[in-house]
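J.: Okay, so here is model-v5.txt, and as you'll see once you scroll down, it has compact mmCIF, C-alpha atoms and all ligand atoms.
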# COMPACT_ATOMS: atom_id res chain seq x y z
CA MET A 139 0.00 0.00 0.00
CA ALA A 140 1.22 3.52 -0.79
CA GLN A 141 2.38 5.60 2.19
CA ILE A 142 -0.50 7.46 3.84
CA TYR A 143 -0.04 10.50 6.07
CA ASN A 144 -2.93 10.80 8.48
CA PHE A 145 -3.62 14.37 9.65
CA SER A 146 -6.71 13.39 11.66
CA ALA A 147 -7.54 15.48 14.74
CA GLY A 148 -8.64 12.41 16.67
CA PRO A 149 -8.72 9.49 16.85
CA ALA A 150 -5.32 10.12 15.37
CA VAL A 151 -2.12 8.57 14.14
CA LEU A 152 -0.31 6.27 16.60
CA PRO A 153 3.39 5.39 16.48
CA ALA A 154 3.95 2.70 13.81
CA PRO A 155 6.12 0.52 16.13
CA VAL A 156 3.28 0.53 18.69
CA ILE A 157 0.72 -0.63 16.12
CA ARG A 158 3.13 -3.39 15.04
CA GLN A 159 3.66 -4.53 18.63
CA VAL A 160 -0.10 -4.60 19.24
CA GLN A 161 -0.45 -6.72 16.13
CA SER A 162 2.32 -9.13 17.11
CA GLU A 163 0.96 -9.83 20.59
CA LEU A 164 -2.75 -9.46 19.96
CA VAL A 165 -3.44 -13.18 19.86
CA SER A 166 -1.26 -14.18 22.81
CA TYR A 167 -0.28 -11.51 25.34
CA LYS A 168 3.07 -12.33 27.01
CA ASN A 169 2.74 -15.96 25.88
CA SER A 170 -0.39 -16.43 27.96
CA GLY A 171 -2.28 -17.95 25.04
CA MET A 172 -4.90 -15.20 25.53
CA SER A 173 -5.38 -11.77 24.02
CA ILE A 174 -5.06 -8.72 26.26
CA MET A 175 -8.76 -8.27 25.43
CA GLU A 176 -9.59 -11.63 26.96
CA ILE A 177 -7.99 -11.43 30.40
CA SER A 178 -9.46 -10.38 33.73
CA HIS A 179 -8.71 -6.92 35.03
CA ARG A 180 -8.06 -8.61 38.39
CA SER A 181 -5.27 -10.81 36.94
CA SER A 182 -1.62 -9.95 37.52
CA LEU A 183 -1.12 -9.83 33.75
CA TYR A 184 -3.40 -6.80 33.75
CA THR A 185 -2.41 -5.19 37.04
CA ASP A 186 1.33 -5.41 36.20
CA MET A 187 0.69 -3.86 32.81
CA GLU A 188 -1.41 -1.07 34.34
CA ALA A 189 1.18 -0.35 37.05
CA GLU A 190 3.96 -0.09 34.47
CA ALA A 191 1.87 2.24 32.30
CA GLU A 192 1.28 4.52 35.29
CA GLU A 193 4.94 4.46 36.33
CA ASN A 194 6.09 5.41 32.82
CA LEU A 195 3.51 8.18 32.62
CA ARG A 196 4.71 9.54 35.97
CA LYS A 197 8.25 9.65 34.58
CA LEU A 198 7.21 11.31 31.33
CA MET A 199 5.11 14.03 32.94
CA ARG A 200 7.14 14.27 36.19
CA ILE A 201 4.00 13.69 38.24
CA PRO A 202 4.64 14.23 41.97
CA ASN A 203 3.60 11.52 44.45
CA ASP A 204 0.85 13.62 45.95
CA TYR A 205 -1.06 13.43 42.66
CA ASP A 206 -3.35 10.52 41.76
CA VAL A 207 -3.36 9.14 38.23
CA LEU A 208 -6.69 7.79 36.99
CA PHE A 209 -7.48 5.94 33.77
CA LEU A 210 -11.25 6.34 33.40
CA GLN A 211 -13.88 6.24 30.66
CA GLY A 212 -16.30 8.83 29.29
CA GLY A 213 -13.83 10.94 27.29
CA GLY A 214 -12.91 14.56 27.83
CA THR A 215 -16.65 15.30 27.76
CA LEU A 216 -17.41 13.44 30.99
CA GLN A 217 -14.69 15.50 32.68
CA PHE A 218 -16.62 18.67 31.77
CA ALA A 219 -19.21 17.45 34.33
CA MET A 220 -17.05 15.41 36.69
CA VAL A 221 -14.72 18.31 37.47
CA PRO A 222 -17.48 20.62 38.76
CA LEU A 223 -19.25 17.72 40.52
CA ASN A 224 -16.10 17.00 42.52
CA LEU A 225 -14.22 20.28 42.75
CA ALA A 226 -16.88 23.00 42.85
CA GLN A 227 -18.23 22.03 46.21
CA LYS A 228 -16.83 24.74 48.47
CA ASN A 229 -18.20 27.98 47.05
CA LYS A 230 -19.78 26.57 43.88
CA GLN A 231 -18.01 29.38 42.02
CA THR A 232 -15.86 28.45 39.05
CA GLY A 233 -14.04 30.54 36.45
CA PHE A 234 -13.57 29.62 32.79
CA VAL A 235 -11.35 30.95 30.04
CA ASP A 236 -13.51 30.88 26.92
CA SER A 237 -10.98 30.09 24.24
CA GLY A 238 -13.16 28.17 21.80
CA HIS A 239 -15.50 25.31 21.06
CA TRP A 240 -14.30 22.83 23.68
CA ALA A 241 -14.03 25.47 26.39
CA GLN A 242 -17.64 26.39 25.68
CA ARG A 243 -18.74 22.77 25.97
CA ALA A 244 -16.99 22.66 29.34
CA ILE A 245 -18.79 25.82 30.48
CA GLU A 246 -22.21 24.50 29.38
CA GLU A 247 -21.72 21.24 31.23
CA ALA A 248 -20.50 22.91 34.43
CA ARG A 249 -23.64 25.08 34.41
CA LEU A 250 -25.79 21.94 34.34
CA VAL A 251 -24.41 20.83 37.70
CA PRO A 252 -26.91 22.01 40.33
CA GLY A 253 -25.82 25.17 42.13
CA VAL A 254 -22.58 25.63 40.21
CA LYS A 255 -21.89 29.08 38.86
CA ALA A 256 -19.45 29.33 35.96
CA ASP A 257 -18.04 32.81 35.28
CA ILE A 258 -16.37 33.52 31.97
CA ILE A 259 -13.26 35.34 33.15
CA ALA A 260 -11.87 35.95 29.65
CA SER A 261 -13.04 35.27 26.09
CA SER A 262 -11.72 35.62 22.58
CA ALA A 263 -15.15 35.16 20.98
CA ALA A 264 -14.86 38.72 19.59
CA VAL A 265 -11.95 37.65 17.36
CA ASN A 266 -13.61 34.35 16.49
CA TYR A 267 -11.11 32.53 18.74
CA THR A 268 -8.23 33.20 16.36
CA ALA A 269 -6.13 34.27 19.38
CA LEU A 270 -5.96 33.30 23.04
CA PRO A 271 -7.86 35.70 25.31
CA ASP A 272 -5.99 37.98 27.73
CA VAL A 273 -6.88 36.95 31.25
CA PRO A 274 -7.38 39.93 33.59
CA GLU A 275 -6.39 40.09 37.26
CA LEU A 276 -9.04 38.14 39.17
CA ARG A 277 -10.79 39.69 42.15
CA GLN A 278 -12.12 36.53 43.66
CA GLN A 279 -10.89 33.11 44.64
CA TYR A 280 -12.67 30.41 42.62
CA ASP A 281 -13.09 26.76 43.53
CA TYR A 282 -11.09 26.33 40.34
CA VAL A 283 -10.28 28.08 37.09
CA HIS A 284 -10.61 26.01 33.90
CA LEU A 285 -8.23 26.45 31.00
CA THR A 286 -8.16 24.57 27.67
CA LEU A 287 -4.41 24.34 27.04
CA ASN A 288 -4.80 23.56 23.35
CA ASN A 289 -7.85 24.48 21.32
CA THR A 290 -8.10 21.61 18.88
CA ILE A 291 -10.51 23.23 16.45
CA GLU A 292 -9.25 26.82 16.45
CA GLY A 293 -5.54 25.91 16.60
CA THR A 294 -4.45 28.02 19.57
CA MET A 295 -2.24 26.88 22.45
CA TYR A 296 -0.92 28.18 25.75
CA ARG A 297 2.88 27.93 25.75
CA ASP A 298 2.94 29.54 29.19
CA LEU A 299 0.20 29.79 31.75
CA PRO A 300 -1.30 33.25 32.32
CA ASN A 301 0.58 34.71 35.33
CA VAL A 302 -2.57 36.19 36.82
CA LEU A 303 -3.90 32.70 37.49
CA HIS A 304 -1.20 32.07 40.03
CA GLY A 305 -2.84 31.29 43.37
CA GLN A 306 -6.01 29.81 41.83
CA THR A 307 -6.60 26.05 41.57
CA LEU A 308 -6.10 25.41 37.88
CA VAL A 309 -7.90 22.69 35.94
CA GLY A 310 -6.37 22.01 32.53
CA ASP A 311 -7.95 20.30 29.55
CA MET A 312 -4.88 18.90 27.75
CA SER A 313 -6.83 16.58 25.43
CA SER A 314 -5.00 17.71 22.32
CA ASN A 315 -1.50 18.57 23.50
CA ILE A 316 -0.73 16.34 26.46
CA MET A 317 2.94 15.37 26.32
CA ALA A 318 3.36 17.36 23.11
CA GLN A 319 4.49 20.30 25.21
CA ARG A 320 6.05 20.43 28.67
CA TYR A 321 3.83 21.78 31.44
CA ASN A 322 4.56 21.69 35.11
CA VAL A 323 2.03 19.34 36.72
CA GLU A 324 2.40 21.18 40.03
CA ASP A 325 0.88 24.30 38.47
CA PHE A 326 -2.41 22.40 38.21
CA GLY A 327 -4.91 20.98 40.67
CA LEU A 328 -6.22 18.68 37.98
CA ILE A 329 -5.32 17.79 34.39
CA TYR A 330 -7.47 15.73 32.06
CA ALA A 331 -7.16 14.42 28.53
CA GLY A 332 -9.08 12.08 26.29
CA ALA A 333 -6.63 9.47 24.99
CA GLN A 334 -7.40 9.46 21.31
CA LYS A 335 -4.92 12.12 20.15
CA ASN A 336 -1.55 11.88 21.86
CA ILE A 337 -2.03 8.86 24.12
CA GLY A 338 -3.73 5.90 22.45
CA PRO A 339 -7.10 4.63 21.28
CA ALA A 340 -10.41 6.22 22.27
CA GLY A 341 -12.02 4.72 25.35
CA MET A 342 -9.65 5.88 28.04
CA THR A 343 -9.44 9.30 29.68
CA LEU A 344 -6.45 10.32 31.73
CA ILE A 345 -6.93 12.33 34.92
CA ILE A 346 -4.08 13.62 37.04
CA VAL A 347 -5.37 15.14 40.25
CA LYS A 348 -3.80 16.49 43.41
CA HIS A 349 -4.74 14.10 46.17
CA ASP A 350 -5.98 16.85 48.58
CA LEU A 351 -8.59 17.79 46.00
CA VAL A 352 -10.15 14.34 45.62
CA GLU A 353 -11.06 14.10 49.24
CA GLY A 354 -14.36 15.86 48.51
CA GLY A 355 -16.93 14.17 46.29
CA THR A 356 -17.36 11.07 48.47
CA GLU A 357 -21.13 11.55 48.46
CA LEU A 358 -21.26 11.22 44.66
CA PRO A 359 -22.23 8.06 42.76
CA ALA A 360 -19.09 5.92 42.58
CA MET A 361 -18.35 6.28 38.86
CA LEU A 362 -18.51 10.08 39.14
CA SER A 363 -16.34 10.38 42.23
CA TYR A 364 -12.58 10.93 41.94
CA ALA A 365 -12.22 9.87 45.58
CA LYS A 366 -13.93 6.52 44.98
CA GLN A 367 -12.13 5.92 41.70
CA ALA A 368 -8.76 6.78 43.25
CA ALA A 369 -9.40 4.51 46.25
CA LYS A 370 -9.85 1.60 43.82
CA HIS A 371 -6.92 2.58 41.55
CA SER A 372 -9.18 3.09 38.53
CA ALA A 373 -10.55 -0.46 38.80
CA LEU A 374 -13.78 0.28 40.61
CA ASN A 375 -15.47 -1.43 37.68
CA THR A 376 -13.99 -3.05 34.56
CA PRO A 377 -11.49 -0.56 33.18
CA PRO A 378 -10.89 0.00 29.43
CA VAL A 379 -8.22 -2.69 29.34
CA PHE A 380 -7.27 -2.53 25.67
CA ALA A 381 -7.02 1.28 25.58
CA ILE A 382 -4.85 1.30 28.72
CA TYR A 383 -2.61 -1.39 27.25
CA VAL A 384 -2.03 0.57 24.01
CA ALA A 385 -1.49 3.78 26.01
CA GLY A 386 1.15 1.92 28.03
CA LEU A 387 2.98 1.01 24.81
CA VAL A 388 2.79 4.65 23.67
CA PHE A 389 4.29 5.78 27.02
CA LYS A 390 7.17 3.33 26.54
CA TRP A 391 7.69 4.56 23.00
CA LEU A 392 7.72 8.18 24.22
CA LEU A 393 10.38 7.37 26.81
CA GLU A 394 12.52 5.58 24.21
CA GLN A 395 12.25 8.59 21.90
CA GLY A 396 13.53 10.97 24.57
CA GLY A 397 10.32 11.96 26.38
CA VAL A 398 8.31 15.15 26.39
CA GLU A 399 11.24 17.54 25.70
CA GLU A 400 12.11 15.63 22.54
CA MET A 401 8.46 15.59 21.46
CA GLN A 402 8.20 19.32 22.06
CA LYS A 403 11.33 19.91 19.95
CA ARG A 404 9.98 17.76 17.11
CA ASN A 405 6.54 19.38 17.29
CA GLU A 406 8.08 22.88 17.15
CA LYS A 407 10.08 21.86 14.10
CA LYS A 408 7.15 20.20 12.32
CA SER A 409 4.75 23.07 12.97
CA ALA A 410 7.30 25.80 12.14
CA TYR A 411 7.84 24.17 8.74
CA LEU A 412 4.13 24.42 7.94
CA TYR A 413 3.63 27.89 9.49
CA ASP A 414 6.63 29.28 7.53
CA PHE A 415 5.08 28.03 4.34
CA LEU A 416 1.63 29.41 5.24
CA ASP A 417 3.13 32.83 6.03
CA SER A 418 4.93 32.99 2.69
CA SER A 419 2.22 31.49 0.48
CA SER A 420 0.11 33.70 -1.76
CA LEU A 421 -2.76 31.19 -1.68
CA PHE A 422 -2.84 29.56 1.75
CA SER A 423 -2.85 31.34 5.09
CA SER A 424 -3.21 30.70 8.81
CA PRO A 425 -6.07 32.58 10.48
CA VAL A 426 -4.36 32.35 13.90
CA LYS A 427 -2.40 35.14 15.61
CA LYS A 428 1.29 34.20 15.66
CA SER A 429 1.81 34.23 19.42
CA SER A 430 -1.24 31.99 20.00
CA ARG A 431 -0.44 29.28 17.46
CA SER A 432 -0.69 25.62 18.36
CA VAL A 433 2.03 23.10 17.54
CA THR A 434 -0.42 20.21 17.29
CA ASN A 435 -3.45 21.55 15.37
CA ILE A 436 -2.90 23.90 12.45
CA PRO A 437 -5.94 25.28 10.63
CA PHE A 438 -5.43 26.97 7.26
CA VAL A 439 -7.55 28.34 4.43
CA THR A 440 -7.36 29.51 0.83
CA GLY A 441 -10.08 32.11 1.40
CA ASN A 442 -12.37 30.30 -1.05
CA ALA A 443 -14.55 27.51 0.40
CA GLU A 444 -14.90 25.73 -2.94
CA LEU A 445 -11.16 25.74 -3.51
CA ASP A 446 -10.66 24.42 0.04
CA GLN A 447 -12.90 21.46 -0.77
CA HIS A 448 -11.05 20.84 -3.99
CA PHE A 449 -7.72 20.95 -2.12
CA VAL A 450 -8.87 18.45 0.54
CA ALA A 451 -10.02 16.01 -2.16
CA ALA A 452 -6.83 16.37 -4.20
CA ALA A 453 -4.65 15.94 -1.08
CA GLN A 454 -6.57 12.80 -0.19
CA GLU A 455 -5.84 11.33 -3.62
CA ASN A 456 -2.17 11.95 -2.93
CA GLY A 457 -2.10 10.09 0.38
CA LEU A 458 -2.48 13.20 2.57
CA VAL A 459 -5.65 12.24 4.40
CA ASN A 460 -8.08 13.78 6.90
CA LEU A 461 -7.16 17.40 6.22
CA LYS A 462 -10.73 18.72 6.28
CA GLY A 463 -11.25 21.39 8.96
CA HIS A 464 -13.81 20.94 11.73
CA ARG A 465 -17.39 21.34 10.48
CA SER A 466 -17.82 24.44 12.65
CA VAL A 467 -14.96 26.42 11.04
CA GLY A 468 -14.41 24.85 7.60
CA GLY A 469 -11.17 25.13 5.65
CA MET A 470 -8.35 22.71 6.42
CA ARG A 471 -6.62 21.50 9.55
CA ALA A 472 -3.39 19.56 9.84
CA SER A 473 -3.02 17.79 13.18
CA LEU A 474 0.63 17.05 13.93
CA TYR A 475 0.56 15.02 17.14
CA ASN A 476 3.59 13.30 18.63
CA ALA A 477 3.36 10.25 16.38
CA PHE A 478 3.05 12.32 13.20
CA PRO A 479 6.34 12.20 11.25
CA TYR A 480 8.29 15.23 9.98
CA GLU A 481 8.38 13.84 6.43
CA GLY A 482 4.56 13.97 6.40
CA VAL A 483 4.75 17.75 6.87
CA GLN A 484 7.36 18.01 4.12
CA LYS A 485 5.08 16.05 1.79
CA LEU A 486 2.14 18.29 2.67
CA VAL A 487 4.09 21.49 1.98
CA GLU A 488 5.41 20.11 -1.33
CA PHE A 489 1.85 19.25 -2.30
CA MET A 490 0.57 22.69 -1.29
CA GLU A 491 3.30 24.34 -3.38
CA ARG A 492 2.26 22.32 -6.42
CA PHE A 493 -1.42 23.05 -5.80
CA GLU A 494 -0.72 26.76 -5.49
CA GLN A 495 1.16 26.78 -8.82
CA SER A 496 -1.61 24.82 -10.53
CA VAL A 497 -4.30 27.35 -9.59
CA GLY A 498 -2.06 30.46 -9.78
N1 LIG B 501 -11.44 18.79 24.92
C1 LIG B 501 -10.71 18.99 23.80
C2 LIG B 501 -9.66 20.05 23.82
C3 LIG B 501 -10.95 18.22 22.68
O1 LIG B 501 -10.23 18.40 21.58
C4 LIG B 501 -11.95 17.22 22.71
C5 LIG B 501 -12.24 16.30 21.56
N2 LIG B 501 -11.77 16.59 20.36
C6 LIG B 501 -12.71 17.08 23.89
C7 LIG B 501 -12.41 17.86 24.98
C8 LIG B 501 -13.81 16.06 23.99
O2 LIG B 501 -13.24 14.82 24.06
P1 LIG B 501 -14.05 13.45 23.99
O3 LIG B 501 -14.46 13.26 22.56
O4 LIG B 501 -12.99 12.48 24.44
O5 LIG B 501 -15.18 13.52 24.90
Would you mind giving the structure from this file in structure tokens?
Ligand code: PMP
T.:
Amino acid sequence: MAQIYNFSAGPAVLPAPVIRQVQSELVSYKNSGMSIMEISHRSSLYTDMEAEAEENLRKLMRIPNDYDVLFLQGGGTLQFAMVPLNLAQKNKQTGFVDSGHWAQRAIEEARLVPGVKADIIASSAAVNYTALPDVPELRQQYDYVHLTLNNTIEGTMYRDLPNVLHGQTLVGDMSSNIMAQRYNVEDFGLIYAGAQKNIGPAGMTLIIVKHDLVEGGTELPAMLSYAKQAAKHSALNTPPVFAIYVAGLVFKWLLEQGGVEEMQKRNEKKSAYLYDFLDSSSLFSSPVKKSSRSVTNIPFVTGNAELDQHFVAAAQENGLVNLKGHRSVGGMRASLYNAFPYEGVQKLVEFMERFEQSVG
């Protein structure tokens, strides 16, 4: 089969050696004669695998011991509700940075939790989310302040955390740039991420939460309670075994590659290559303000919706697949997660150059 470069925003490309390993041991995991999908989550085959995955993740993200690591289900979307259910119990006052589509979904869900008030402390709606909003000095202490570190659809990303948030309990949605960029876990009370972009297959959601914070929420139904999930080490019910197994292989692969710093370096290089082209092209352009640009999700447009469609179809025929932008914004989007290779970006830029000449 001809080489395909998969620019999907999620579920997204996984490292090729990981896919090959999954294939080679799918029928018999560690010579057990059973697939990883066929074993009990109470067996040592599973618990050893899960413990190793967690240990490697702790190394990669430098997670301090006073933080719990949870591998749950329900995607990033369940966290939009679970975070306020568990962490907005003191004053029921939360603050949100409205930086785009996923931040808005998080705000809507928080407001559905009885009694919880969600203030929008900053928004870039006025510029159509093409830049990150400036966060003003806050006058009140919130139960937590929610920040979407990377806006998957709009293509904006926080390289540094807004200084003014110092002193607040920060909750970070890292669904689309976890381990693509170094953040300091200790700056957050809680971090969450759906797995299906930089971690592994859909079906598992990662939560990293400061242990002090999970002590509330014990009155909640078990599946919705961080405290109850943490007490049972994410095995309160049957965990998503296969997704955790693949994530564990991705963590090992990340460590072998040089960890988060190396990924960050590669992602800067890959994205700079595409941004440089976009900034010099007379056909294509990036709608995003330079200082807000994401390294993992790069939207771009020709300025003509019909031509955009034509480009996406022509790219697809040339093995450059899943470049269509999100239905809410249109245009194109190239997602360059950790497992996406540099040569795929080179191929894309070469193709864009040819396309530009052909319509010029
Ligand atoms: N947050 C962000 C930043 C996302 O990109 C997404 C999904 N693309 C979500 C949350 C929702 O994730 P899920 O589909 O896992 O519920």
J.: Collect all residues with atoms no farther than 8 Å from ligand LIG 501 (chain B), counting all atoms listed in the file, and output them as a list in words.
T.: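 Counting all atoms listed in the file, the residues within 8 Å of ligand LIG 501 (chain B) come out as Ala147, Gly148, Gly212, Gly213, Gly214, Thr215, Leu216, Trp240, Ala241, Ala244, Thr286, Leu287, Asn288, Asn289, Thr290, Ile291, Asp311, Met312, Ser313, Ser314, Ala331, Gly332, Ala333, Gln334, Ala340, Gly341 and Thr343 of chain A.
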J.: Which of these, A:Leu223, A:Val347, A:Leu270, A:Ala264, has the shortest distance to A:Val426 once you count all atoms listed in the file?
T.: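 So, comparing all the options, the nearest one is A:Leu270.
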J.: Could you work out how far atom CA of A:Ser430 lies from atom CA of A:Glu246, giving the answer in Å with one decimal?
T.: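 That distance, rounded to one decimal, is 24.2 Å.
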J.: Counting all atoms listed in the file, which residues come within 12 Å of (6.8, 19.3, 17.7), with the point read in the file's coordinates, and could you list them as a ChimeraX atom specification?
T.: /A:315-320,336,397-412,432-436,473-480,483
J.: Could you please determine the separation between atom CA of A:Asn266 and atom CA of A:Ser237 in Å, to one decimal place?
T.: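 These two atoms are separated by 9.2 Å.
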J.: Which one of A:Met220, A:Leu225, A:Leu250, A:Leu445 sits closest to A:Met361 if you count only C-alpha atoms?
T.: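 Selected residue with least distance to A:Met361: A:Met220.
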J.: Need to verify the contact set: A:Glu188, 9 Å, only C-alpha atoms, exclusion of same-chain residues closer than 6 positions in sequence. Can you return it as a ChimeraX atom specification?
T.: /A:379,382-383,386
J.: Would you work out the distance separating atom CA of A:Val302 from atom CA of A:Tyr205, expressed in Å to one decimal?
T.: 23.5 Å
J.: Using all atoms listed in the file for the distances, tell me which of A:Leu164, A:Glu488, A:Ser363, A:Ile345 is nearest to A:Glu192.
T.: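 Closest residue, counting all atoms listed in the file: A:Ile345.
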J.: Sort by chain and increasing residue number a table of all residues of stretch 149-188 of chain A within 12 Å of stretch 456-462 of chain A, each with its closest pair of atoms and their distance in Å to one decimal, counting all atoms listed in the file, and write it as JSON lines.
T.:
{"residue": "A:Pro149", "atom": "CA", "partner": "A:Asn460", "partner_atom": "CA", "distance": 10.9}
{"residue": "A:Ala150", "atom": "CA", "partner": "A:Asn460", "partner_atom": "CA", "distance": 9.6}
{"residue": "A:Val151", "atom": "CA", "partner": "A:Asn460", "partner_atom": "CA", "distance": 10.7}
J.: Skipping near chain neighbours, those fewer than 2 positions away, what residues fall within 12 Å of A:Arg492 using all atoms listed in the file, listed as a PyMOL selection string?
T.: chain A and resi 419+421+449+452-453+456+485-490+494-498
J.: Hey, which of A:Met139, A:Leu210, A:Ala263, A:Leu183 ends up closest to A:Lys370? Count all atoms listed in the file.
T.: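 Using all atoms listed in the file, the shortest distance to A:Lys370 belongs to A:Leu210.
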J.: Give me the box for stretch 337-342 of chain A as JSON, namely the centre and edge lengths in Å to one decimal of a box along x, y and z that holds every listed atom plus 6 Å on each side.
T.:
{"center_x": -7.0, "center_y": 6.7, "center_z": 24.7, "size_x": 22.0, "size_y": 16.2, "size_z": 18.8}
J.: Hey, which of A:Glu163, A:Asp325, A:Asp206, A:Asp272 ends up closest to A:Thr307? Count all atoms listed in the file.
T.: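 Using all atoms listed in the file, the shortest distance to A:Thr307 belongs to A:Asp325.
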J.: Using all atoms listed in the file, which residue out of A:Asn169, A:Gln454, A:Gln447, A:Gln367 lies closest to A:Leu208?
T.: A:Gln367
